[in-house]
Amino acid sequence: MTDTFDFPTFPTLTSERVVLRQFEPEDAADLFVWRSDPEVQKYNSEPMRDVRQAAQLIEDLRREYSAQRSIHWAVTLSGEGRAVGLFGFVSWERFHHRAEAGYDLRRDHWGRGIATEALGAMLRFGFTRMRLNRVEAQTIADNHESVRLLQRLGFHREGLRRAYSLEEDGTYHDGAIYGLLRRDYRPSSRQA
């Protein structure tokens with residue numbers, strides 16, 4: 001097993017087609033593209049209205065990293081510097097060796113395997129360098145794309161929170177809880 005991750009140097013992750021790197025203040029306009037898109041944010045957060053909100057989010061993410069509470073990566077395509085996604089680990093419980101994964105990707109990159117590859121690289125880092133035993137993910141149960149992504153990477157549905165989230169359609173949606181254990185983790189060739 002490789003050395004355990006510590007926080008002094010932000011880890012850059014690479015795979016076949018993506019690079020996961022630290023968010024920089026200059027990424028605010030790119031982040032705003034998908035965080036302001038109502039379709040992308042349909043099951044996530046209220047869409048941003050101003051690029052200043054994106055700049056503040058980047059500042060918050062960097063502060064969370066400095067405080068050693070979470071780690072969020074800007075997803076970029078290999079050979080390109082522009083951020084097209086936000087993937088990260090929150091709720092990192094070092095004693096229990098678990099964390100929660102979150103992800104958000106620009107709509108014009110959906111359906112191309114980018115999310116699978118980026119989340120796969122993140123999982124590899126989590127299970128090897130962070131020494132996680134468990135990664136959790138929460139999604140709205142009828143967010144079929146998110147559910148398929150998690151299942152594709154080996155996550156198992158472990159629970160359902162009924163009427164968990166009030167969504168833009170004015171109704172409450174169930175929240176699904178997924179988990180992946182180190183012993184069940186099987187990296188694909190694109191995650192290496």
# chains A, B, ... in the order shown; residues from 1 in each chain; ligands from 1
$ residues_around --residues "Gly126 in chain A" --least-positions-apart "2" --cutoff "12 Å" --atoms "only C-alpha atoms" --output "ChimeraX atom specification"
/A:2,4-6,11,13,70-71,88-90,92,94,97-101,119-124,128-136,180-182,185,187
$ write_last_selection --atoms "N, CA, C and O atoms" --output "compact mmCIF listing (two decimals), in the first residue's frame"
# COMPACT_ATOMS: atom_id res chain seq x y z
N THR A 2 0.47 2.29 -0.70
CA THR A 2 1.28 3.51 -0.78
C THR A 2 1.18 4.30 0.52
O THR A 2 0.39 3.98 1.40
N THR A 4 0.23 6.92 3.27
CA THR A 4 -1.05 7.51 3.60
C THR A 4 -1.07 8.98 3.18
O THR A 4 -0.09 9.69 3.37
N PHE A 5 -2.17 9.41 2.68
CA PHE A 5 -2.36 10.79 2.26
C PHE A 5 -2.32 11.73 3.46
O PHE A 5 -2.92 11.46 4.49
N ASP A 6 -1.60 12.81 3.32
CA ASP A 6 -1.71 13.91 4.27
C ASP A 6 -1.94 15.18 3.46
O ASP A 6 -1.93 15.16 2.25
N PRO A 11 -3.29 16.62 -3.85
CA PRO A 11 -3.05 15.51 -4.77
C PRO A 11 -3.75 15.73 -6.12
O PRO A 11 -4.94 15.98 -6.17
N LEU A 13 -4.89 13.85 -9.47
CA LEU A 13 -5.18 12.49 -9.91
C LEU A 13 -5.32 12.47 -11.42
O LEU A 13 -5.90 13.38 -12.00
N SER A 70 -12.19 18.15 4.11
CA SER A 70 -12.70 17.56 2.88
C SER A 70 -11.69 17.80 1.77
O SER A 70 -10.75 18.57 1.92
N ILE A 71 -11.94 17.15 0.65
CA ILE A 71 -11.09 17.36 -0.52
C ILE A 71 -11.98 17.34 -1.76
O ILE A 71 -12.80 16.44 -1.94
N GLY A 88 -15.60 15.18 -5.13
CA GLY A 88 -14.87 15.25 -3.88
C GLY A 88 -15.36 14.31 -2.80
O GLY A 88 -16.37 13.62 -2.95
N PHE A 89 -14.59 14.30 -1.72
CA PHE A 89 -14.92 13.55 -0.51
C PHE A 89 -15.26 14.54 0.59
O PHE A 89 -14.49 15.46 0.85
N VAL A 90 -16.38 14.32 1.25
CA VAL A 90 -16.78 15.09 2.42
C VAL A 90 -17.02 14.12 3.56
O VAL A 90 -17.00 12.90 3.37
N TRP A 92 -15.24 13.08 5.94
CA TRP A 92 -14.16 12.10 6.10
C TRP A 92 -14.01 11.79 7.58
O TRP A 92 -13.65 12.66 8.38
N ARG A 94 -11.77 9.80 9.77
CA ARG A 94 -10.49 9.08 9.76
C ARG A 94 -10.51 7.86 10.68
O ARG A 94 -10.03 6.80 10.31
N HIS A 97 -12.52 5.27 8.99
CA HIS A 97 -12.04 4.99 7.64
C HIS A 97 -13.17 5.04 6.61
O HIS A 97 -13.33 4.15 5.78
N ARG A 98 -13.93 6.13 6.66
CA ARG A 98 -15.01 6.29 5.69
C ARG A 98 -15.13 7.75 5.28
O ARG A 98 -14.69 8.66 5.99
N ALA A 99 -15.73 7.95 4.11
CA ALA A 99 -16.00 9.30 3.60
C ALA A 99 -17.19 9.22 2.66
O ALA A 99 -17.56 8.13 2.19
N GLU A 100 -17.76 10.37 2.37
CA GLU A 100 -18.88 10.44 1.43
C GLU A 100 -18.39 11.08 0.14
O GLU A 100 -17.70 12.11 0.17
N ALA A 101 -18.76 10.49 -0.97
CA ALA A 101 -18.39 11.02 -2.29
C ALA A 101 -19.51 11.88 -2.84
O ALA A 101 -20.69 11.57 -2.68
N LEU A 119 -14.81 9.61 -11.04
CA LEU A 119 -15.16 9.01 -9.76
C LEU A 119 -14.31 7.77 -9.51
O LEU A 119 -13.89 7.51 -8.38
N GLY A 120 -13.99 7.04 -10.55
CA GLY A 120 -13.12 5.89 -10.41
C GLY A 120 -11.73 6.27 -9.92
O GLY A 120 -11.17 5.61 -9.04
N ALA A 121 -11.18 7.35 -10.46
CA ALA A 121 -9.86 7.82 -10.01
C ALA A 121 -9.93 8.27 -8.56
O ALA A 121 -9.02 8.02 -7.77
N MET A 122 -11.02 8.90 -8.21
CA MET A 122 -11.21 9.36 -6.84
C MET A 122 -11.32 8.17 -5.88
O MET A 122 -10.74 8.17 -4.79
N LEU A 123 -12.05 7.15 -6.28
CA LEU A 123 -12.20 5.95 -5.43
C LEU A 123 -10.85 5.27 -5.23
O LEU A 123 -10.52 4.84 -4.12
N ARG A 124 -10.10 5.17 -6.30
CA ARG A 124 -8.77 4.55 -6.19
C ARG A 124 -7.93 5.30 -5.17
O ARG A 124 -7.28 4.70 -4.31
N THR A 128 -6.76 3.69 -1.52
CA THR A 128 -5.33 3.43 -1.36
C THR A 128 -4.68 4.50 -0.48
O THR A 128 -4.15 4.20 0.58
N ARG A 129 -4.73 5.75 -0.89
CA ARG A 129 -4.00 6.80 -0.17
C ARG A 129 -4.70 7.27 1.09
O ARG A 129 -4.06 7.59 2.08
N MET A 130 -6.04 7.37 1.07
CA MET A 130 -6.76 7.79 2.26
C MET A 130 -7.06 6.61 3.19
O MET A 130 -7.54 6.80 4.29
N ARG A 131 -6.80 5.42 2.67
CA ARG A 131 -7.02 4.18 3.42
C ARG A 131 -8.46 4.02 3.89
O ARG A 131 -8.73 3.55 4.99
N LEU A 132 -9.39 4.44 3.04
CA LEU A 132 -10.80 4.29 3.37
C LEU A 132 -11.19 2.82 3.33
O LEU A 132 -10.68 2.06 2.51
N ASN A 133 -12.10 2.46 4.19
CA ASN A 133 -12.71 1.14 4.14
C ASN A 133 -14.08 1.22 3.49
O ASN A 133 -14.56 0.24 2.93
N ARG A 134 -14.68 2.41 3.54
CA ARG A 134 -16.04 2.58 3.04
C ARG A 134 -16.19 3.96 2.40
O ARG A 134 -15.73 4.96 2.96
N VAL A 135 -16.85 3.97 1.25
CA VAL A 135 -17.23 5.23 0.61
C VAL A 135 -18.74 5.19 0.46
O VAL A 135 -19.30 4.21 -0.04
N GLU A 136 -19.38 6.25 0.90
CA GLU A 136 -20.83 6.38 0.78
C GLU A 136 -21.16 7.42 -0.28
O GLU A 136 -20.34 8.30 -0.56
N LEU A 180 -19.87 1.55 -0.87
CA LEU A 180 -18.89 0.68 -1.50
C LEU A 180 -17.79 0.42 -0.48
O LEU A 180 -17.24 1.37 0.10
N LEU A 181 -17.52 -0.85 -0.24
CA LEU A 181 -16.48 -1.25 0.70
C LEU A 181 -15.19 -1.57 -0.04
O LEU A 181 -15.22 -2.03 -1.18
N ARG A 182 -14.08 -1.35 0.64
CA ARG A 182 -12.78 -1.64 0.03
C ARG A 182 -12.73 -3.08 -0.48
O ARG A 182 -12.22 -3.34 -1.56
N TYR A 185 -14.30 -3.32 -3.87
CA TYR A 185 -13.84 -2.37 -4.87
C TYR A 185 -13.02 -3.08 -5.94
O TYR A 185 -12.08 -3.82 -5.64
N PRO A 187 -11.16 -1.81 -9.36
CA PRO A 187 -10.86 -0.72 -10.31
C PRO A 187 -10.89 -1.22 -11.75
O PRO A 187 -10.48 -2.34 -12.03
$ select_by_dssp --residues "range 34-100 of chain A" --states "alpha helix (DSSP H)" --output "PyMOL selection string"
chain A and resi 34-35+51-66
$ closest_residue --among "A:Trp34, A:Tyr178, A:Phe10, A:Phe155" --to "Asp104 in chain A" --atoms "only C-alpha atoms"
A:Trp34
$ residues_around --residues "Gly170 in chain A" --least-positions-apart "5" --cutoff "12 Å" --atoms "only C-alpha atoms" --output "MDAnalysis selection string"
chainID A and resid 42 163 165
$ atom_distance --atom1 "CA of Ala137 in chain A" --atom2 "CA of Ile58 in chain A"
21.5 Å
$ residues_around --residues "Ser78 in chain A" --least-positions-apart "2" --cutoff "10 Å" --atoms "only C-alpha atoms" --output "count of residues only"
12
$ select_by_dssp --residues "chain A" --states "strand (DSSP E or B)" --output "count of residues only"
61
$ atom_distance --atom1 "CA of Leu166 in chain A" --atom2 "CA of Asn44 in chain A"
10.8 Å
$ residues_around --residues "range 61-67 of chain A" --least-positions-apart "5" --cutoff "8 Å" --atoms "only C-alpha atoms" --output "number ranges by chain"
A: 7, 23, 72
$ write_last_selection --atoms "N, CA and C atoms" --output "PDB file, in the first residue's frame"
ATOM      1  N   PHE A   7      -2.164  16.275   4.096  1.00  0.00           N
ATOM      2  CA  PHE A   7      -2.677  17.453   3.415  1.00  0.00           C
ATOM      3  C   PHE A   7      -1.682  18.478   2.893  1.00  0.00           C
ATOM      4  N   PHE A  23      -9.052  23.181  -7.322  1.00  0.00           N
ATOM      5  CA  PHE A  23      -9.734  24.341  -7.866  1.00  0.00           C
ATOM      6  C   PHE A  23      -8.908  25.589  -7.588  1.00  0.00           C
ATOM      7  N   HIS A  72     -11.867  18.396  -2.561  1.00  0.00           N
ATOM      8  CA  HIS A  72     -12.656  18.530  -3.792  1.00  0.00           C
ATOM      9  C   HIS A  72     -11.719  18.800  -4.956  1.00  0.00           C
TER      10      HIS A  72
END
$ residues_around --residues "Asn143 in chain A" --least-positions-apart "2" --cutoff "10 Å" --atoms "only C-alpha atoms" --output "VMD selection string"
chain A and resid 42 to 43 139 to 141 145 to 148 173 to 176
$ atom_distance --atom1 "CA of Met48 in chain A" --atom2 "CA of Thr12 in chain A"
26.7 Å
$ closest_residue --among "A:Glu26, A:Gly179, A:Gln138, A:Val40" --to "Arg161 in chain A" --atoms "only C-alpha atoms"
A:Gln138
$ closest_residue --among "A:Arg49, A:Glu39, A:Asp142, A:Tyr172" --to "Asp108 in chain A" --atoms "only C-alpha atoms"
A:Glu39
